[in-house]
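J.: Dropping the structure in here first, questions after.
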Amino acid sequence: MIKVALTGNIGSGKSTVVKIFSVIGIPVFCADLEAKLLYKNPVIKKAVSDYFGNTVFNKQNEVDFKKLANSVFNDENALRKINEIIHPGVFKKYNAWMKQHNSYDYTIHEAAIIFENKLEHHFDMIINVSAPEKVRLERVIKRDGISPEHFYERARYQLPDDNKSHKADYILFNDGKQFLIPQIMDIHKAISTS
Amino acid sequence: MKKSNKPYHRTDNRNSLIPTRNMKRSDNLIFLVCIIIAAFFWLLIKLAEIYPVSYNYKISYSNVPVEKRLTNIIDTALNISFTARGYDILRLNMTESTEAMTIDLDDYKIENIINDKYSINIDLIKEELANYININESDVELSKNTLQFILDELYEKEVEVKGRHLIEFKDQFDLYEKELLSPQTVAVFGPLSVLDTLDFIYTEEIRLSNIYKDQNIKVRLYNPSPELLNLEPEKVTVQLRVERFTESYIETDIDLSGLPETIRTFPSVIRINFKVAQKDFSNIQAKQFKIVPEIENIDLNEAKRLRLKIVEKPDFIRNEWIVPTDVEFLIIK
């Protein structure tokens with residue numbers, strides 16, 4: 001079975017691509033969603049608490065993602081630490097999930113930061129969802145209601161789109177002008193027959 | 001006699017000339033008065049003489065019978081010739097118009113010639129003119145003995161009233177609903193041929209600026225043909241409901257239930273942007289909207305995108321538009 005990673009920068013439209021792959025019957029593992037669920041795990045919570053203290057927790061003693069994001073902002077060590085805490089757990093879940101889906105030709109692992117965390121070696125193929133920065137900015141402002149400054153803060157931890165496209169095996173252009181489904185169907189055929 | 005060197009001698013000489021000049025001026029004045037008197041008598045003599053004159057009158061009518069409407073004047077002009085003394089001609093010219101004549105139909109017997117064609121005998125004009133200028137009726141000559149015109153039957157039609165207004169609202173304010181007119185219809189009286197072409201009556205245009213609250217305005221109706229049509233009533237009340245509006249949006253699923261094939265759209269949720277009165281803002285719910293793909297004349301197997309349209313929405317929103325306007329889709333087999 002082929003392990004495909006689907007990545008793309010903030011606002012590139014990964015969620016839409018994931019939905020289309022799901023509709024055509026391809027199992028999709030959403031790493032970011034699974035990572036958020038992991039923060040409810042007591043072992044993970046303790047590890048976070050040990051490093052960051054109680055400042056990143058809310059009154060219900062759950063990790064407050066906004067506070068956590070602020071804590072790792074401009075602090076590479078903190079960012080590296082949080083990845084060390086979360087990623088092993090995410091990959092443990094991914095491997096378990098893979099065993100359940102080994103009858104498929106291929107599966108998709110969706111994550112925003114594959115190259116940034118040097119995880120590409122875990123996969124056979126990588127698809128990058130590409131969109132111009134202006135389009136991504138508009139989408140995120142509309143979706144999350146954030147300011148352009150906040151968008152750029154979040155985007156600064158991601159590799160430039162060109163770099164990702166250069167490293168990826170397939171590129172999906174999701175600029176709102178080109179049809180997405182035909183591109184996905186072409187990639188689907190290519191992966192299925194490889 | 002010794003010649004005097006005193007200057008008053010010269011003065012005496014000069015004074016002796018003055019009465020001569022005054023006398024000349026007095027002669028001129030007397031001559032002028034005589035000329036005027038002569039001219040006056042000449043004028044009196046001339047005015048006493050008999051002159052033939054001819055006038056061409058443009059005809060109009062007043063007091064048309066209430067159950068009828070004057071739609072066409074066949075004989076639009078009347079030439080009157082007569083001989084009269086200068087005094088009478090002068091009096092006529094000074095007291096009466098010699099270009100237009102309005103005939104009061106109340107004073108004449110109106111005779112039906114055929115269908116809607118009517119006439120009046122105008123001997124009365126001859127008689128009145130003769131009396132006015134003190135001549136014999138036989139000295140007055142008319143170019144016609146009768147005047148003809150068209151009188152249509154008067155019909156009634158109830159027609160809708162439409163408001164016309166040019167309103168500049170204060171920022172964020174707008175009409176909450178279509179203007180309310182009271183009454184909404186009016187009775188129009190006129191010839192059938194005109195009423196048949198009339199489906200509604202506009203109000204006179206209302207121009208308002210910087211409006212931010214309700215308005216009640218009494219406005220006159222615009223009569224497109226005042227000479228043929230009567231409106232009852234002639235004024236209506238225009239009620240304008242004004243509210244403060246805000247822009248908002250709501251997200252809802254695309255309704256795919258009526259499609260011949262099972263499809264999935266990407267995205268499946270769309271955003272509807274709209275303007276809404278602030279008082280209705282809290283009443284907006286996603287279930288009040290129905291967005292469907294336009295599939296008329298579209299081959300789903302060939303199409304790559306489906307255009308979306310709003311088929312249901314609350315009445316109280318306006319200026320709505322959807323994002324995105326079209327979606328990609330997959331047919332699920």
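Residues are referred to by chain and number: the chain letter is A, B, ... according to the order shown in the structure tokens, the number counts from 1 in that chain, and ligands are numbered separately from 1 in the order shown.
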Excluding A:His121 and its own-chain neighbours fewer than 6 positions away, which residues fall within 12 Å of it when counting only C-alpha atoms? Please give them as number ranges by chain.
T.: A: 3-5, 114-115, 167-168
J.: Those residues you just picked out, can you put them in a file as an mmCIF file, in the first residue's frame with N, CA and C atoms?
T.:
data_model
loop_
_atom_site.group_PDB
_atom_site.id
_atom_site.type_symbol
_atom_site.label_atom_id
_atom_site.label_comp_id
_atom_site.auth_asym_id
_atom_site.auth_seq_id
_atom_site.Cartn_x
_atom_site.Cartn_y
_atom_site.Cartn_z
ATOM 1 N N LYS A 3 1.797 5.018 0.806
ATOM 2 C CA LYS A 3 1.513 6.033 1.833
ATOM 3 C C LYS A 3 1.747 7.413 1.208
ATOM 4 N N VAL A 4 0.649 8.140 1.066
ATOM 5 C CA VAL A 4 0.711 9.469 0.432
ATOM 6 C C VAL A 4 0.506 10.527 1.507
ATOM 7 N N ALA A 5 1.348 11.540 1.478
ATOM 8 C CA ALA A 5 1.144 12.685 2.383
ATOM 9 C C ALA A 5 0.546 13.833 1.575
ATOM 10 N N ILE A 114 4.728 18.940 6.842
ATOM 11 C CA ILE A 114 5.435 17.685 6.577
ATOM 12 C C ILE A 114 6.927 17.993 6.408
ATOM 13 N N PHE A 115 7.204 18.930 5.464
ATOM 14 C CA PHE A 115 8.608 19.248 5.168
ATOM 15 C C PHE A 115 9.276 19.979 6.338
ATOM 16 N N LYS A 167 9.618 20.195 -3.794
ATOM 17 C CA LYS A 167 9.942 18.928 -3.116
ATOM 18 C C LYS A 167 8.854 17.868 -3.319
ATOM 19 N N ALA A 168 7.638 18.301 -3.648
ATOM 20 C CA ALA A 168 6.512 17.363 -3.732
ATOM 21 C C ALA A 168 6.547 16.544 -5.020
#
J.: When you look at A:Val48 with a cut-off of 9 Å (counting only C-alpha atoms), what residues show up, excluding the ones that are within fewer than 6 positions of it in the same chain? I need them as a list in words.
T.: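 In the requested format, the answer is Tyr39, Asn54, Val56, Val63, Lys81, Ile82 and Ile85 of chain A.
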J.: Find the residue from B:Val186, B:Cys34, B:Leu259, B:Ile201 that sits nearest to B:Ile332; use only C-alpha atoms when measuring.
T.: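 Under the stated criterion, the closest residue is B:Leu259.
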J.: Quick one: which chain B residues come within 8 Å of chain A, and what is the nearest atom pair for each with the distance in Å to one decimal, counting only C-alpha atoms, rows ordered by chain and ascending number, as a Markdown table?
T.:
| residue | atom | partner | partner_atom | distance |
| --- | --- | --- | --- | --- |
| B:Arg264 | CA | A:Val23 | CA | 7.8 |
| B:Phe266 | CA | A:Thr16 | CA | 6.5 |
| B:Pro267 | CA | A:Thr16 | CA | 6.7 |
| B:Lys304 | CA | A:Phe179 | CA | 7.4 |
| B:Glu328 | CA | A:Ile181 | CA | 7.0 |
| B:Phe329 | CA | A:Ile181 | CA | 7.6 |
| B:Leu330 | CA | A:Ile181 | CA | 7.8 |
| B:Ile332 | CA | A:Val23 | CA | 7.9 |
J.: One decimal, Å: what's the distance from atom CA of B:Ile125 over to atom CA of B:Pro52, could you say?
T.: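 Computed distance, atom CA of B:Ile125 to atom CA of B:Pro52, equals 18.0 Å.
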J.: Rounded to one decimal place, report the atom CA of B:Thr197-atom CA of B:Asn115 distance in Å.
T.: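 Taking atom CA of B:Thr197 and atom CA of B:Asn115, their separation equals 21.5 Å.
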J.: Going by DSSP on the backbone, which residues of stretch 116-178 of chain A come out as alpha helix (DSSP H)? List them as a PDB file with C-alpha atoms, in the first residue's frame.
T.:
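Saved as result.pdb:
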ATOM      1  CA  GLU A 133      -0.432  33.893  -1.059  1.00  0.00           C
ATOM      2  CA  LYS A 134      -3.059  36.539  -1.865  1.00  0.00           C
ATOM      3  CA  VAL A 135      -5.700  33.853  -2.405  1.00  0.00           C
ATOM      4  CA  ARG A 136      -4.701  32.054   0.788  1.00  0.00           C
ATOM      5  CA  LEU A 137      -4.808  35.274   2.760  1.00  0.00           C
ATOM      6  CA  GLU A 138      -8.347  36.037   1.535  1.00  0.00           C
ATOM      7  CA  ARG A 139      -9.521  32.518   2.347  1.00  0.00           C
ATOM      8  CA  VAL A 140      -8.126  32.541   5.873  1.00  0.00           C
ATOM      9  CA  ILE A 141      -9.453  36.002   6.674  1.00  0.00           C
ATOM     10  CA  LYS A 142     -12.879  34.901   5.455  1.00  0.00           C
ATOM     11  CA  ARG A 143     -12.725  31.519   7.218  1.00  0.00           C
ATOM     12  CA  ASP A 144     -11.158  32.433  10.564  1.00  0.00           C
ATOM     13  CA  PRO A 148      -3.597  39.862   7.768  1.00  0.00           C
ATOM     14  CA  GLU A 149      -0.874  40.293  10.421  1.00  0.00           C
ATOM     15  CA  HIS A 150      -2.115  37.214  12.236  1.00  0.00           C
ATOM     16  CA  PHE A 151      -2.104  35.294   8.947  1.00  0.00           C
ATOM     17  CA  TYR A 152       1.517  36.205   8.295  1.00  0.00           C
ATOM     18  CA  GLU A 153       2.464  35.213  11.858  1.00  0.00           C
ATOM     19  CA  ARG A 154       1.002  31.765  11.305  1.00  0.00           C
ATOM     20  CA  ALA A 155       2.445  31.447   7.813  1.00  0.00           C
ATOM     21  CA  ASP A 161       4.847  27.361  -1.324  1.00  0.00           C
ATOM     22  CA  ASP A 162       7.415  27.171  -4.129  1.00  0.00           C
ATOM     23  CA  ASN A 163       9.770  25.122  -1.961  1.00  0.00           C
ATOM     24  CA  LYS A 164       7.038  22.694  -1.069  1.00  0.00           C
ATOM     25  CA  SER A 165       5.978  22.329  -4.677  1.00  0.00           C
ATOM     26  CA  HIS A 166       9.579  21.730  -5.677  1.00  0.00           C
ATOM     27  CA  LYS A 167       9.942  18.928  -3.116  1.00  0.00           C
TER      28      LYS A 167
END
J.: Running DSSP on the backbone, which parts of stretch 71-184 of chain B land in strand (DSSP E), as a ChimeraX atom specification?
T.: /B:71-73,77-85,100-104,110-114,117-121,140-142,146-153,155-162,165-169,173-175,180-182
J.: Please provide as a ChimeraX atom specification all residues within 6 Å of B:Leu175, with the sequence filter that same-chain residues fewer than 2 positions apart are discarded (counting only C-alpha atoms).
T.: /B:177,241-242
J.: Can I get the selected residues back with N, CA and C atoms, as an mmCIF file, in the first residue's frame?
T.:
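Resulting contents of selection14.cif:
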data_model
loop_
_atom_site.group_PDB
_atom_site.id
_atom_site.type_symbol
_atom_site.label_atom_id
_atom_site.label_comp_id
_atom_site.auth_asym_id
_atom_site.auth_seq_id
_atom_site.Cartn_x
_atom_site.Cartn_y
_atom_site.Cartn_z
ATOM 1 N N GLU B 177 -39.533 48.560 3.030
ATOM 2 C CA GLU B 177 -40.408 47.815 2.124
ATOM 3 C C GLU B 177 -40.857 48.765 1.025
ATOM 4 N N ARG B 241 -41.477 53.543 4.605
ATOM 5 C CA ARG B 241 -40.947 53.013 5.875
ATOM 6 C C ARG B 241 -39.435 52.913 5.773
ATOM 7 N N VAL B 242 -38.770 53.585 6.646
ATOM 8 C CA VAL B 242 -37.304 53.689 6.576
ATOM 9 C C VAL B 242 -36.689 53.008 7.793
#
